[in-house]
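Q: Just entry_28.tsv, nothing more (TSV, C-alpha atoms and all ligand atoms):
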chain	number	residue	atom	x	y	z
A	1	MET	CA	-7.21	-16.33	3.68
A	2	LYS	CA	-9.51	-14.06	5.65
A	3	THR	CA	-8.05	-10.69	6.60
A	4	THR	CA	-9.16	-9.05	9.80
A	5	TYR	CA	-7.47	-5.67	9.54
A	6	SER	CA	-6.64	-3.59	6.48
A	7	ILE	CA	-4.34	-0.72	7.30
A	8	ILE	CA	-4.28	2.04	4.69
A	9	ALA	CA	-1.43	4.53	4.54
A	10	PRO	CA	-1.44	7.25	1.85
A	11	ILE	CA	2.10	8.04	0.78
A	12	TYR	CA	3.31	11.19	-0.89
A	13	ASN	CA	7.09	11.54	-0.76
A	14	GLU	CA	7.58	9.78	2.54
A	15	ILE	CA	10.68	7.74	1.71
A	16	ASP	CA	12.37	8.26	5.06
A	17	ASN	CA	9.25	7.28	7.00
A	18	LEU	CA	8.43	4.09	5.11
A	19	PRO	CA	10.75	1.55	6.81
A	20	GLU	CA	9.80	2.82	10.27
A	21	LEU	CA	6.10	2.86	9.37
A	22	HIS	CA	6.27	-0.74	8.17
A	23	ARG	CA	8.28	-1.86	11.19
A	24	ARG	CA	5.96	-0.30	13.74
A	25	VAL	CA	2.75	-1.35	12.03
A	26	LYS	CA	4.08	-4.90	11.79
A	27	GLU	CA	5.12	-4.97	15.42
A	28	VAL	CA	1.74	-3.70	16.63
A	29	MET	CA	-0.41	-5.81	14.31
A	30	ASP	CA	1.55	-9.02	14.89
A	31	SER	CA	0.98	-8.53	18.60
A	32	SER	CA	-2.79	-8.50	17.98
A	33	GLY	CA	-2.54	-12.14	16.89
A	34	GLU	CA	-4.92	-11.54	13.99
A	35	SER	CA	-4.42	-11.39	10.25
A	36	TRP	CA	-3.75	-8.02	8.65
A	37	GLU	CA	-2.58	-6.32	5.50
A	38	LEU	CA	-0.85	-2.99	4.98
A	39	ILE	CA	-2.03	-1.12	1.89
A	40	LEU	CA	0.51	1.48	0.86
A	41	VAL	CA	-1.06	3.87	-1.62
A	42	ASP	CA	1.63	5.75	-3.49
A	43	ASP	CA	0.10	9.08	-4.46
A	44	GLY	CA	2.52	9.96	-7.25
A	45	SER	CA	5.67	10.24	-5.12
A	46	THR	CA	8.76	11.59	-6.82
A	47	ASP	CA	11.37	10.93	-4.11
A	48	GLY	CA	11.82	7.19	-4.61
A	49	SER	CA	9.01	6.19	-2.21
A	50	THR	CA	7.50	4.15	-5.06
A	51	GLU	CA	10.54	1.90	-5.34
A	52	LYS	CA	10.77	1.65	-1.55
A	53	ILE	CA	7.12	0.52	-1.41
A	54	ARG	CA	7.79	-2.14	-4.04
A	55	GLU	CA	10.82	-3.32	-2.08
A	56	LEU	CA	8.78	-3.62	1.13
A	57	ALA	CA	6.04	-5.50	-0.71
A	58	GLU	CA	8.60	-7.84	-2.22
A	59	ALA	CA	10.02	-8.71	1.20
A	60	ASP	CA	6.72	-8.90	3.09
A	61	LYS	CA	3.57	-10.31	1.52
A	62	THR	CA	1.31	-8.51	3.97
A	63	VAL	CA	2.25	-5.26	2.20
A	64	ARG	CA	0.06	-4.48	-0.82
A	65	PRO	CA	1.18	-1.60	-3.00
A	66	VAL	CA	-1.24	0.56	-4.97
A	67	ILE	CA	0.70	2.91	-7.22
A	68	PHE	CA	-1.03	5.98	-8.69
A	69	ALA	CA	-0.29	7.33	-12.15
A	70	ARG	CA	0.27	10.80	-10.65
A	71	ASN	CA	-0.41	12.84	-7.54
A	72	PHE	CA	-4.18	12.81	-6.99
A	73	GLY	CA	-4.20	13.96	-3.38
A	74	HIS	CA	-4.64	12.56	0.08
A	75	GLN	CA	-8.42	11.95	-0.19
A	76	PRO	CA	-8.31	9.98	-3.44
A	77	ALA	CA	-5.46	7.93	-1.95
A	78	ILE	CA	-7.63	7.03	1.04
A	79	THR	CA	-10.46	6.15	-1.36
A	80	ALA	CA	-8.20	3.79	-3.29
A	81	GLY	CA	-7.32	2.17	0.04
A	82	TRP	CA	-11.02	1.54	0.69
A	83	ASP	CA	-11.39	0.00	-2.75
A	84	TYR	CA	-8.48	-2.41	-2.30
A	85	ALA	CA	-8.99	-3.27	1.38
A	86	ARG	CA	-10.16	-6.81	2.11
A	87	GLY	CA	-10.29	-6.67	5.90
A	88	ASP	CA	-13.28	-6.85	8.23
A	89	ALA	CA	-12.01	-3.61	9.74
A	90	VAL	CA	-10.23	-0.84	7.86
A	91	ILE	CA	-7.82	1.56	9.54
A	92	ILE	CA	-6.53	4.75	7.92
A	93	ILE	CA	-3.22	6.01	9.23
A	94	ASP	CA	-0.81	8.80	8.17
A	95	ALA	CA	2.51	7.59	6.82
A	96	ASP	CA	4.59	10.11	8.76
A	97	LEU	CA	3.89	8.34	12.08
A	98	GLN	CA	2.09	11.33	13.53
A	99	ASP	CA	-0.64	8.81	14.25
A	100	PRO	CA	1.14	6.31	16.48
A	101	PRO	CA	0.46	2.76	15.18
A	102	GLU	CA	0.15	1.58	18.80
A	103	VAL	CA	-3.18	3.47	19.05
A	104	MET	CA	-4.59	1.06	16.43
A	105	LEU	CA	-4.98	-1.58	19.14
A	106	GLU	CA	-7.14	0.80	21.18
A	107	LEU	CA	-9.27	1.48	18.11
A	108	ALA	CA	-9.57	-2.27	17.56
A	109	LYS	CA	-10.65	-2.78	21.15
A	110	LYS	CA	-13.60	-0.41	20.70
A	111	TRP	CA	-14.47	-2.17	17.42
A	112	LYS	CA	-14.59	-5.47	19.29
A	113	GLU	CA	-17.00	-3.84	21.73
A	114	GLY	CA	-19.36	-3.28	18.82
A	115	TYR	CA	-18.58	0.23	17.54
A	116	GLU	CA	-18.52	0.53	13.77
A	117	VAL	CA	-16.57	3.78	13.44
A	118	VAL	CA	-13.82	4.45	15.96
A	119	TYR	CA	-12.15	7.80	15.28
A	120	ALA	CA	-8.99	9.01	16.98
A	121	VAL	CA	-9.25	12.43	18.63
A	122	ARG	CA	-6.12	14.57	18.91
A	123	ALA	CA	-5.93	15.47	22.56
A	124	GLU	CA	-2.47	17.02	22.10
A	125	ARG	CA	-0.26	17.81	19.15
A	126	GLU	CA	3.50	17.74	19.24
A	127	GLY	CA	6.06	19.37	17.00
A	128	GLU	CA	3.71	21.54	15.00
A	129	SER	CA	3.85	25.29	14.60
A	130	TRP	CA	1.33	27.49	16.43
A	131	PHE	CA	0.07	28.54	13.00
A	132	LYS	CA	-0.73	24.94	12.03
A	133	LYS	CA	-2.38	24.27	15.39
A	134	PHE	CA	-4.38	27.50	15.23
A	135	THR	CA	-5.56	27.05	11.65
A	136	ALA	CA	-6.39	23.39	12.31
A	137	ALA	CA	-8.39	24.25	15.44
A	138	ALA	CA	-10.23	27.06	13.62
A	139	PHE	CA	-10.89	24.76	10.66
A	140	TYR	CA	-12.46	21.99	12.75
A	141	ARG	CA	-14.66	24.43	14.63
A	142	LEU	CA	-15.78	26.25	11.50
A	143	ILE	CA	-16.69	22.98	9.81
A	144	TYR	CA	-18.49	21.81	12.92
A	145	SER	CA	-20.58	24.95	13.20
A	146	ILE	CA	-21.67	25.33	9.57
A	147	THR	CA	-22.03	21.83	8.20
A	148	ASP	CA	-25.19	19.79	8.51
A	149	VAL	CA	-23.29	16.74	9.70
A	150	LYS	CA	-21.73	16.81	13.12
A	151	ILE	CA	-18.15	16.04	12.26
A	152	PRO	CA	-16.18	15.49	15.49
A	153	VAL	CA	-13.67	18.29	16.16
A	154	ASP	CA	-9.89	17.70	16.36
A	155	THR	CA	-10.30	14.49	14.45
A	156	GLY	CA	-8.29	13.63	11.36
A	157	ASP	CA	-8.54	10.67	9.06
A	158	PHE	CA	-6.94	8.33	11.60
A	159	ARG	CA	-9.81	5.95	12.35
A	160	LEU	CA	-11.06	2.39	12.20
A	161	MET	CA	-14.17	1.51	10.24
A	162	ASP	CA	-16.12	-1.69	10.07
A	163	ARG	CA	-16.53	-3.47	6.71
A	164	LYS	CA	-20.22	-2.44	6.65
A	165	VAL	CA	-19.24	1.23	6.80
A	166	VAL	CA	-16.55	0.88	4.15
A	167	ASN	CA	-19.01	-0.82	1.81
A	168	VAL	CA	-21.30	2.18	2.12
A	169	LEU	CA	-18.45	4.65	1.61
A	170	LYS	CA	-17.38	2.81	-1.53
A	171	GLN	CA	-20.77	3.62	-3.04
A	172	MET	CA	-20.31	7.33	-2.42
A	173	LYS	CA	-18.66	8.41	-5.64
A	174	GLU	CA	-18.47	12.16	-5.02
A	175	ARG	CA	-15.36	13.79	-6.44
A	176	HIS	CA	-14.60	16.54	-3.96
A	177	ARG	CA	-14.48	14.42	-0.91
A	178	PHE	CA	-13.93	14.86	2.74
A	179	PRO	CA	-13.51	11.31	4.09
A	180	ARG	CA	-13.88	12.20	7.75
A	181	GLY	CA	-17.15	13.99	6.98
A	182	MET	CA	-18.35	11.07	4.88
A	183	SER	CA	-17.66	8.61	7.65
A	184	ALA	CA	-19.60	10.78	10.11
A	185	TRP	CA	-22.47	11.20	7.63
A	186	VAL	CA	-23.13	7.46	7.24
A	187	GLY	CA	-24.20	7.06	10.85
A	188	PHE	CA	-23.64	3.68	12.55
A	189	ARG	CA	-22.32	3.40	16.08
A	190	GLN	CA	-19.45	5.86	16.42
A	191	ILE	CA	-17.04	6.64	19.22
A	192	GLY	CA	-13.83	8.62	19.71
A	193	VAL	CA	-10.58	7.55	21.35
A	194	GLU	CA	-8.16	10.25	22.51
A	195	TYR	CA	-4.50	10.13	21.61
A	196	LYS	CA	-1.45	12.30	21.57
A	197	ARG	CA	-0.50	13.30	18.04
A	198	ALA	CA	3.24	12.93	17.65
A	199	ALA	CA	5.63	15.03	15.61
A	200	ARG	CA	6.49	13.95	12.08
A	201	VAL	CA	9.31	11.36	12.13
A	202	ALA	CA	10.93	12.63	8.91
A	203	GLY	CA	10.18	14.97	6.02
A	204	VAL	CA	7.93	18.02	5.90
A	205	THR	CA	4.16	18.46	5.84
A	206	LYS	CA	2.48	17.85	2.48
A	207	TYR	CA	-0.34	20.16	3.55
A	208	PRO	CA	0.72	23.72	2.85
A	209	PHE	CA	-1.80	26.46	3.63
A	210	SER	CA	-3.18	26.40	0.07
A	211	LYS	CA	-4.06	22.69	0.35
A	212	MET	CA	-5.68	23.26	3.74
A	213	ILE	CA	-7.90	25.95	2.20
A	214	LYS	CA	-8.85	23.53	-0.58
A	215	LEU	CA	-9.70	20.84	1.96
A	216	ALA	CA	-11.77	23.32	3.97
A	217	LEU	CA	-13.69	24.35	0.82
A	218	ASN	CA	-14.34	20.71	-0.03
A	219	ALA	CA	-15.56	20.04	3.49
A	220	ILE	CA	-17.87	23.04	3.51
A	221	THR	CA	-19.33	22.61	0.02
A	222	SER	CA	-19.75	18.85	0.44
A	223	PHE	CA	-21.66	19.13	3.66
A	224	SER	CA	-23.47	22.45	3.65
A	225	TYR	CA	-25.23	25.18	1.64
A	226	PHE	CA	-24.18	27.74	4.21
A	227	PRO	CA	-22.19	29.95	1.77
A	228	LEU	CA	-25.17	30.11	-0.59
A	229	GLN	CA	-27.39	31.05	2.31
A	230	VAL	CA	-24.97	33.81	3.29
A	231	ALA	CA	-25.46	35.31	-0.18
A	232	THR	CA	-29.24	35.26	0.31
A	233	PHE	CA	-28.80	36.82	3.74
A	234	PHE	CA	-26.71	39.68	2.33
A	235	GLY	CA	-29.29	40.19	-0.42
A	236	PHE	CA	-32.05	40.62	2.13
A	237	VAL	CA	-29.96	42.87	4.36
A	238	SER	CA	-29.01	45.27	1.55
A	239	ALA	CA	-32.53	45.29	0.12
A	240	GLY	CA	-33.86	45.99	3.63
A	241	VAL	CA	-31.40	48.85	4.17
A	242	ALA	CA	-32.34	50.35	0.79
A	243	ILE	CA	-36.07	50.21	1.49
A	244	LEU	CA	-35.61	51.83	4.89
A	245	ALA	CA	-33.28	54.47	3.48
A	246	ILE	CA	-35.66	55.72	0.76
A	247	PRO	CA	-38.18	57.47	3.05
A	248	VAL	CA	-35.35	58.73	5.29
A	249	VAL	CA	-33.56	60.39	2.37
A	250	ILE	CA	-36.81	61.83	0.94
A	251	TYR	CA	-37.65	63.27	4.33
A	252	MET	CA	-34.16	64.78	4.74
A	253	ARG	CA	-34.34	66.33	1.26
A	254	ILE	CA	-37.70	67.92	2.06
A	255	MET	CA	-36.19	69.31	5.25
A	256	GLY	CA	-33.42	70.85	3.14
A	257	SER	CA	-30.58	68.63	4.34
A	258	GLY	CA	-27.57	68.25	2.05
A	259	ALA	CA	-26.56	64.86	3.44
A	260	PHE	CA	-26.19	61.93	1.00
A	261	THR	CA	-25.56	64.16	-1.98
A	262	GLY	CA	-22.53	63.84	-4.17
A	263	GLN	CA	-20.68	61.04	-5.86
A	264	ALA	CA	-18.88	59.56	-2.86
A	265	THR	CA	-22.00	58.13	-1.27
A	266	THR	CA	-23.22	56.73	-4.58
A	267	LEU	CA	-19.83	55.24	-5.29
A	268	ILE	CA	-19.61	53.52	-1.91
A	269	ALA	CA	-23.08	52.03	-2.31
A	270	VAL	CA	-22.32	50.82	-5.81
A	271	LEU	CA	-18.98	49.30	-4.80
A	272	PHE	CA	-20.50	47.62	-1.77
A	273	LEU	CA	-23.31	46.05	-3.76
A	274	GLY	CA	-20.98	45.19	-6.63
A	275	GLY	CA	-18.70	43.45	-4.14
A	276	VAL	CA	-21.52	41.49	-2.55
A	277	GLN	CA	-22.79	40.46	-5.96
A	278	LEU	CA	-19.42	39.33	-7.23
A	279	ILE	CA	-18.73	37.34	-4.07
A	280	SER	CA	-22.14	35.70	-4.38
A	281	LEU	CA	-21.41	34.89	-8.01
A	282	GLY	CA	-18.07	33.41	-6.96
A	283	ILE	CA	-19.79	31.22	-4.37
A	284	LEU	CA	-22.31	30.09	-6.99
A	285	GLY	CA	-19.36	29.41	-9.29
A	286	GLU	CA	-17.75	27.18	-6.67
A	287	TYR	CA	-20.85	25.04	-6.47
A	288	ILE	CA	-21.39	25.00	-10.23
A	289	GLY	CA	-17.75	24.04	-10.85
A	290	ARG	CA	-18.18	21.15	-8.47
A	291	LEU	CA	-21.39	20.10	-10.22
A	292	TYR	CA	-19.49	20.19	-13.52
A	293	ASP	CA	-16.74	17.99	-12.09
A	294	GLU	CA	-19.33	15.52	-10.83
A	295	ALA	CA	-21.09	15.52	-14.21
A	296	LYS	CA	-17.89	14.60	-16.02
A	297	GLY	CA	-17.72	11.49	-13.89
A	298	ARG	CA	-13.99	10.96	-14.35
A	299	PRO	CA	-12.32	8.34	-12.17
A	300	LEU	CA	-11.24	9.61	-8.76
A	301	TYR	CA	-7.76	8.23	-9.22
A	302	ILE	CA	-5.80	6.32	-11.82
A	303	VAL	CA	-3.78	3.31	-10.80
A	304	ARG	CA	-0.58	2.46	-12.61
A	305	ASP	CA	0.09	-0.68	-10.68
A	306	ALA	CA	-1.87	-2.56	-8.04
A	307	PRO	CA	-2.36	-6.01	-6.59
A	308	GLU	CA	-4.37	-8.37	-8.85
A	309	GLU	CA	-7.39	-8.94	-6.65
A	310	GLN	CA	-9.32	-6.02	-5.38
B	1	LIG	N1	-0.51	12.78	1.40
B	1	LIG	C1	-0.89	12.20	0.19
B	1	LIG	N2	-1.06	13.00	-0.91
B	1	LIG	C2	-0.92	14.37	-0.85
B	1	LIG	C3	-0.57	14.94	0.40
B	1	LIG	C4	-0.40	14.13	1.51
B	1	LIG	O1	-1.02	10.97	0.09
B	1	LIG	O2	-1.09	15.03	-1.87
B	1	LIG	C5	-0.30	11.90	2.58
B	1	LIG	C6	1.03	12.09	3.29
B	1	LIG	O3	2.04	11.31	2.69
B	1	LIG	C7	0.70	11.64	4.69
B	1	LIG	C8	-0.75	12.05	4.86
B	1	LIG	O4	-1.26	12.24	3.55
B	1	LIG	O5	0.80	10.24	4.86
B	1	LIG	C9	-0.91	13.32	5.68
B	1	LIG	O6	-0.12	14.37	5.14
B	1	LIG	P1	0.79	15.32	6.05
B	1	LIG	O7	1.43	14.54	7.14
B	1	LIG	O8	1.70	16.06	5.15
B	1	LIG	O9	-0.31	16.31	6.65
B	1	LIG	P2	-0.28	17.00	8.11
B	1	LIG	O10	-0.11	15.90	9.10
B	1	LIG	O11	0.88	17.93	8.09
B	1	LIG	O12	-1.61	17.68	8.20
B	2	MG	MG	1.44	14.60	9.09
Would you encode the structure as structure tokens?
A:
Amino acid sequence: MKTTYSIIAPIYNEIDNLPELHRRVKEVMDSSGESWELILVDDGSTDGSTEKIRELAEADKTVRPVIFARNFGHQPAITAGWDYARGDAVIIIDADLQDPPEVMLELAKKWKEGYEVVYAVRAEREGESWFKKFTAAAFYRLIYSITDVKIPVDTGDFRLMDRKVVNVLKQMKERHRFPRGMSAWVGFRQIGVEYKRAARVAGVTKYPFSKMIKLALNAITSFSYFPLQVATFFGFVSAGVAILAIPVVIYMRIMGSGAFTGQATTLIAVLFLGGVQLISLGILGEYIGRLYDEAKGRPLYIVRDAPEEQ
């Protein structure tokens, strides 16, 4: 049977959200009058979510479980969803119901109007700390200003994509991935729909600060050379300062000035340059490490259990 909508929800320890997620998605999608499937990607949950997903799939054939061998992360889970989705339109949604399933109908409406990527823009966020809101806002703006692709701000992974777009994304095998950047990069007709981001229904965020930093690094390195260019910039600035300083110091010495003598000045200059060089090396290392990961070509995720047909 032809499937119109594939809804992908990545799950990492979301046991208390699963029944409600399934209920609300079912209610909304049934009301659309079209065929749909719900792909629950279990990203190595340890709280019993795996069994819950199997139970849901047992009771409702529209639920298709993809169970990972371990925790691979949110982005690989989304990727697996793309690989298993059969629908003409693919919707990614968070399992904690922060993305209200009702908004899916608005996304679908824009798709019917001919848009191929319909992303949901967070006009408001409820139930999140000021720290989360601040770091998220800073993150989106930083990414927007330094990447080569214009990734819409305040936009998460909650979005609908046409089959054509998903087929392109499936060919993009990069390891360190930033799905929302990838879906902006491909082009096509794109539009945003505003929504109010709700509070988590149950459980706690699976995105501690350390994971947000990792995501930000992936986003930046995947879509820009900016950090490498910063290193070049610092190189030119310190070389420029040195060249200008030489005649100044010579002149001051001739005039009998005692300025710039002694170890302190030398030490500061050496430490400054040493710091700049080490940071630049670190940045290079980040890119080289990523190249190494790509070269190994390991699978992005490993599935323990999944539906027969892909
Ligand atoms: N998630 C995942 N693997 C992870 C971390 C998160 O599949 O390693 C899922 C999580 O279950 C949720 C979605 O990604 O469905 C978004 O995570 P979360 O709600 O914790 O992020 P936040 O909304 O706090 O940014
Ligand atoms: Mg959330």
Q: Got a sec: who's within 8 Å of A:Pro100, counting all atoms listed in the file, leaving out chain neighbours fewer than 3 positions off, as a PyMOL selection string?
A: chain A and resi 97+103-104+197-198
Q: Give me the chain A side of the contact with ligand MG 2 (chain B), cut-off 7 Å, one line per residue showing its nearest atom pair and distance in Å at one decimal, counting only C-alpha atoms and all ligand atoms, sorted by chain and residue number, as a Markdown table.
A:
| residue | atom | partner | partner_atom | distance |
| --- | --- | --- | --- | --- |
| A:Asp94 | CA | B:MG2 | MG | 6.3 |
| A:Asp96 | CA | B:MG2 | MG | 5.5 |
| A:Gln98 | CA | B:MG2 | MG | 5.6 |
| A:Arg200 | CA | B:MG2 | MG | 5.9 |
| A:Thr205 | CA | B:MG2 | MG | 5.7 |
Q: Using only C-alpha atoms, can you tell me which of A:Phe68, A:Ser183, A:Ile8, A:Thr221 comes closest to A:Val168?
A: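 The answer is A:Ser183, which sits nearest to A:Val168.
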Q: How many Å lie between atom CA of A:Glu194 and atom CA of A:Ala120, rounded to one decimal?
A: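 Here the two named atoms are 5.7 Å from each other.
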Q: Need the shell around A:Thr155: protein/DNA/RNA residues with any atom at most 9 Å away, counting all atoms listed in the file. Skip same-chain ones fewer than 5 positions apart. Format as a PyMOL selection string?
A: chain A and resi 119-122+140+180+192
Q: Might you pull out every residue within 12 Å of A:Ile283, with only C-alpha atoms counted and same-chain residues fewer than 3 positions away left off, and present them as a ChimeraX atom specification?
A: /A:217,220-221,225-232,276-280,286-290
Q: List as JSON, numbers by chain the protein and nucleic acid residues lying within 6 Å of ligand LIG 1 (chain B), with only C-alpha atoms and all ligand atoms counted.
A: {"A": [10, 11, 12, 14, 43, 73, 74, 77, 94, 95, 96, 205, 206, 207]}
Q: Separation of atom CA of A:Pro307 and atom CA of A:Leu56, in Å?
A: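 That distance, rounded to one decimal, is 13.8 Å.
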Q: Give as a PyMOL selection string the set of residues within 12 Å of the point (-7.5, -7.1, 10.6), where distances use the file's coordinates and only C-alpha atoms.
A: chain A and resi 1-8+25-26+28-39+62+85-91+104-105+107-109+111-112+160-163
Q: Suppose you want the space between atom CA of A:Ala123 and atom CA of A:Glu106; what is it in Å?
A: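 That distance, rounded to one decimal, is 14.8 Å.
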Q: Restricting the calculation to all atoms listed in the file, which member of A:Arg189, A:Lys164, A:Lys150, A:Lys214 is positioned closest to A:Arg177?
A: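 Distance minimum relative to A:Arg177 lands on A:Lys214.
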Q: Using all atoms listed in the file, can you tell me which of A:Glu55, A:Asp148, A:Gly44, A:Ile191 comes closest to A:Glu113?
A: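 Checking each candidate against A:Glu113, we get A:Ile191 as the closest.
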Q: Which of these residues is nearest to A:Ala219, using all atoms listed in the file: A:Ala242, A:Ile143, A:Ile254, A:Ala199?
A: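 The answer is A:Ile143, which sits nearest to A:Ala219.
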Q: Kindly reconstruct stretch 231-245 of chain A with N, CA, C and O atoms and present the result as a compact mmCIF listing (two decimals), keeping the file's coordinate frame.
A:
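This went into part_32.txt:
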# COMPACT_ATOMS: atom_id res chain seq x y z
N ALA A 231 -25.17 34.40 0.93
CA ALA A 231 -25.46 35.31 -0.18
C ALA A 231 -26.91 35.80 -0.09
O ALA A 231 -27.18 37.00 -0.22
N THR A 232 -27.83 34.88 0.16
CA THR A 232 -29.24 35.26 0.31
C THR A 232 -29.40 36.25 1.46
O THR A 232 -30.10 37.26 1.34
N PHE A 233 -28.72 35.96 2.56
CA PHE A 233 -28.80 36.82 3.74
C PHE A 233 -28.35 38.24 3.40
O PHE A 233 -29.05 39.21 3.69
N PHE A 234 -27.21 38.36 2.70
CA PHE A 234 -26.71 39.68 2.33
C PHE A 234 -27.68 40.38 1.39
O PHE A 234 -27.88 41.59 1.46
N GLY A 235 -28.30 39.63 0.50
CA GLY A 235 -29.29 40.19 -0.42
C GLY A 235 -30.42 40.83 0.36
O GLY A 235 -30.79 41.98 0.11
N PHE A 236 -30.94 40.09 1.33
CA PHE A 236 -32.05 40.62 2.13
C PHE A 236 -31.63 41.82 2.94
O PHE A 236 -32.35 42.81 3.04
N VAL A 237 -30.43 41.76 3.53
CA VAL A 237 -29.96 42.87 4.36
C VAL A 237 -29.84 44.13 3.51
O VAL A 237 -30.34 45.20 3.87
N SER A 238 -29.19 44.03 2.32
CA SER A 238 -29.01 45.27 1.55
C SER A 238 -30.31 45.77 0.98
O SER A 238 -30.55 46.98 0.93
N ALA A 239 -31.22 44.85 0.59
CA ALA A 239 -32.53 45.29 0.12
C ALA A 239 -33.27 45.99 1.26
O ALA A 239 -33.90 47.05 1.06
N GLY A 240 -33.18 45.42 2.45
CA GLY A 240 -33.86 45.99 3.63
C GLY A 240 -33.34 47.38 3.92
O GLY A 240 -34.12 48.33 4.13
N VAL A 241 -32.01 47.53 3.89
CA VAL A 241 -31.40 48.85 4.17
C VAL A 241 -31.88 49.86 3.13
O VAL A 241 -32.25 50.99 3.47
N ALA A 242 -31.93 49.43 1.86
CA ALA A 242 -32.34 50.35 0.79
C ALA A 242 -33.78 50.82 1.00
O ALA A 242 -34.08 52.01 0.91
N ILE A 243 -34.65 49.87 1.31
CA ILE A 243 -36.07 50.21 1.49
C ILE A 243 -36.24 51.19 2.66
O ILE A 243 -36.97 52.17 2.57
N LEU A 244 -35.52 50.94 3.74
CA LEU A 244 -35.61 51.83 4.89
C LEU A 244 -35.03 53.21 4.58
O LEU A 244 -35.50 54.23 5.08
N ALA A 245 -33.99 53.22 3.73
CA ALA A 245 -33.28 54.47 3.48
C ALA A 245 -34.09 55.42 2.60
O ALA A 245 -33.97 56.64 2.73
